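Read through the structure below, which is laid out as structure tokens, and then see the notes.
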Amino acid sequence: MNRSELFRVRNLAVADIGPLDLALQPGECVGLTGASGSGKSRLLRALADLDPHRGGMWLDGEAAGSLKPWDWRRRVALLPAESAWWHDTVGPHFPDEPDAAALSALGFKPEVLGWRIDRLSSGEKQRLALLRVLALRPRVLLLDEPTANLDRDNAGRAEALIRDYLDGSGAAAIWVGHDQAQLRKVAVRCYRVAAGGTIREEQAA
Ligand SMILES: Nc1ncnc2c1ncn2[C@@H]1O[C@H](COP(=O)(O)OP(=O)(O)OP(=O)(O)O)[C@@H](O)[C@H]1O
């Protein structure tokens with residue numbers, strides 16, 4: 001393993017999707033794209049060790065199997081396309097109350113912590129779920145279409161927040177998306193899940 005390597009994936013496969021091989025350096029964000037239904041979300045779930053899979057993964061040189069599953073999932077954290085909420089209001093979903101600066105980075109005032117979940121729009125849920133996963137301070141962020149429900153301004157805020165987090169923490173990210181222009185902006189390189197489940201690195205245009 002390269003000395004500066006943060007995250008290594010070898011021969012990862014789930015059902016007939018894969019294999020995926022990649023290495024992430026600190027601060028790096030790579031894209032993962034492909035047709036709807038090609039298996040991108042299933043790969044993210046496998047990377048978070050949420051579903052059975054084949055192949056190996058290492059974080060800071062430690063094999064996934066050597067960590068407790070909950071510890072791996074906190075360090076290699078999935079932001080699913082649709083977030084889950086289990087309390088009535090926003091605030092209790094955060095381990096520590098987020099400060100006003102973090103909330104404001106995604107366009108919220110502190111009052112949002114008292115809002116009921118059932119009043120949240122899909123875009124508000126998506127932005128709050130991003131803040132919630134960042135509060136875990138993960139080493140690898142698995143982002144499943146993190147701006148799919150956002151307008152352009154809010155998508156830009158989310159992109160900037162994620163970039164600031166990666167730069168400030170040295171974490172890395174895998175960003176699943178369909179918007180090629182956005183992926184070219186946020187990711188240093190991109191992988192495509194092609195027909196038949198094979199995965200190849202896309203050549204820069
Ligand atoms: N647990 C499962 N067992 C079997 N098949 C599944 C399972 N979960 C999802 N699938 C199927 O696997 C395929 C890939 O699903 P996945 O959600 O990974 O696609 P995706 O590439 O993320 O699509 P989209 O871009 O539409 O979000 C789909 O045909 C889906 O129905």
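Residues are referred to by chain and number: the chain letter is A, B, ... according to the order shown in the structure tokens, the number counts from 1 in that chain, and ligands are numbered separately from 1 in the order shown.
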For Ala84 of chain A, work out the shell of residues within 12 Å, counting only C-alpha atoms and skipping chain neighbours fewer than 2 positions away, then give it as a tab-separated table (two decimals) with C-alpha atoms, in the first residue's frame.
```tsv
chain	number	residue	atom	x	y	z
A	78	LEU	CA	-22.84	6.36	3.31
A	79	LEU	CA	-25.09	9.28	2.44
A	80	PRO	CA	-27.97	7.39	0.81
A	81	ALA	CA	-30.04	8.90	-1.98
A	82	GLU	CA	-33.03	8.84	0.36
A	86	TRP	CA	-36.42	8.28	13.18
A	87	HIS	CA	-37.13	11.17	15.58
A	88	ASP	CA	-40.01	13.64	15.24
A	90	VAL	CA	-34.44	17.47	13.22
A	93	HIS	CA	-30.66	13.29	14.69
A	117	ILE	CA	-39.42	15.91	10.00
A	118	ASP	CA	-42.80	15.65	8.28
A	122	SER	CA	-36.93	16.60	-0.18
A	125	LYS	CA	-33.90	16.52	3.93
A	126	GLN	CA	-31.02	16.05	1.51
A	128	LEU	CA	-29.69	18.08	6.51
A	129	ALA	CA	-28.66	14.48	5.81
A	130	LEU	CA	-25.40	15.79	4.37
A	132	ARG	CA	-25.58	14.79	9.63
A	133	VAL	CA	-23.14	12.49	7.83
```
Which of segment 119-197 of chain A fall in strand (DSSP E or B), as JSON, numbers by chain: {"A": [140, 141, 142, 143, 144, 172, 173, 174, 175, 176, 189, 190, 191, 192, 193]}
Identify, counting only C-alpha atoms and all ligand atoms, the protein, DNA and RNA residues located within 9 Å of ligand 1, and give them as a JSON list (two decimals) with C-alpha atoms, in the first residue's frame.
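Result written to pocket14.json:
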```
[["chain", "number", "residue", "atom", "x", "y", "z"],
["A", 15, "ALA", "CA", -23.93, -9.96, -7.41],
["A", 17, "ILE", "CA", -21.68, -5.85, -10.56],
["A", 33, "THR", "CA", -21.60, 7.03, -12.90],
["A", 34, "GLY", "CA", -23.64, 4.75, -15.14],
["A", 35, "ALA", "CA", -27.16, 4.17, -16.35],
["A", 36, "SER", "CA", -30.07, 4.04, -13.94],
["A", 37, "GLY", "CA", -30.22, 0.56, -12.43],
["A", 38, "SER", "CA", -26.60, -0.27, -13.36],
["A", 39, "GLY", "CA", -25.65, -0.90, -9.73],
["A", 40, "LYS", "CA", -24.05, 2.28, -8.38],
["A", 41, "SER", "CA", -26.05, 2.36, -5.15],
["A", 42, "ARG", "CA", -25.42, -1.33, -4.56],
["A", 43, "LEU", "CA", -21.68, -0.72, -4.89],
["A", 44, "LEU", "CA", -21.86, 2.12, -2.35],
["A", 45, "ARG", "CA", -23.74, -0.13, 0.07],
["A", 51, "ASP", "CA", -24.57, -5.71, 2.08],
["A", 81, "ALA", "CA", -30.04, 8.90, -1.98],
["A", 144, "ASP", "CA", -25.29, 8.77, -3.51],
["A", 145, "GLU", "CA", -26.51, 11.57, -5.79],
["A", 176, "VAL", "CA", -22.36, 8.87, -7.47],
["A", 177, "GLY", "CA", -24.05, 11.09, -10.03],
["A", 178, "HIS", "CA", -25.55, 11.42, -13.49],
["A", 193, "VAL", "CA", -20.64, 1.00, -14.38]]
```
Taking the chain letters and numbering used in this document, name the residues of segment 45-187 of chain A that DSSP puts in helix (DSSP H, G or I), as a PyMOL selection string. chain A and resi 45-47+64-66+69-75+91-93+100-105+110-114+117-119+122-135+152-169+180-186
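Take atom CA of Pro19 of chain A and atom CA of Gly56 of chain A: the distance between them is 10.6 Å.
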re atom CA of Val186 of chain A and atom CA of Arg152 of chain A: distance 14.3 Å
Would you please work out which residue, of A:Ser83, A:Ala148, A:Gly27, A:Ala63, is nearest to Asp164 of chain A when using only C-alpha atoms? A:Gly27
Counting only C-alpha atoms, which of A:Ala171, A:Leu150, A:Val140, A:Leu24 gets nearest to Gly107 of chain A?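 Looking only at the distances to Gly107 of chain A, the closest residue turns out to be A:Leu150.
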Gly170 of chain A environment, 9 Å, only C-alpha atoms, sequence neighbours closer than 4 positions dropped, as a ChimeraX atom specification: /A:6,25-28,139,165-166
So that I have them on file, write out the residues from the current selection with C-alpha atoms, as an mmCIF file, in the first residue's frame.
```
data_model
loop_
_atom_site.group_PDB
_atom_site.id
_atom_site.type_symbol
_atom_site.label_atom_id
_atom_site.label_comp_id
_atom_site.auth_asym_id
_atom_site.auth_seq_id
_atom_site.Cartn_x
_atom_site.Cartn_y
_atom_site.Cartn_z
ATOM 1 C CA LEU A 6 -6.174 6.409 2.431
ATOM 2 C CA GLN A 25 -5.532 9.591 -1.614
ATOM 3 C CA PRO A 26 -6.424 12.022 1.191
ATOM 4 C CA GLY A 27 -8.641 14.828 -0.075
ATOM 5 C CA GLU A 28 -9.513 13.043 -3.315
ATOM 6 C CA ARG A 139 -12.597 9.271 6.577
ATOM 7 C CA TYR A 165 -14.615 19.052 4.426
ATOM 8 C CA LEU A 166 -12.277 16.963 2.254
#
```
Distance atom CA of Pro138 of chain A-atom CA of Ile199 of chain A, one decimal place? 25.2 Å
What lies within 6 Å of His53 of chain A using only C-alpha atoms, ignoring chain neighbours under 2 positions off, as a count of residues only? 3
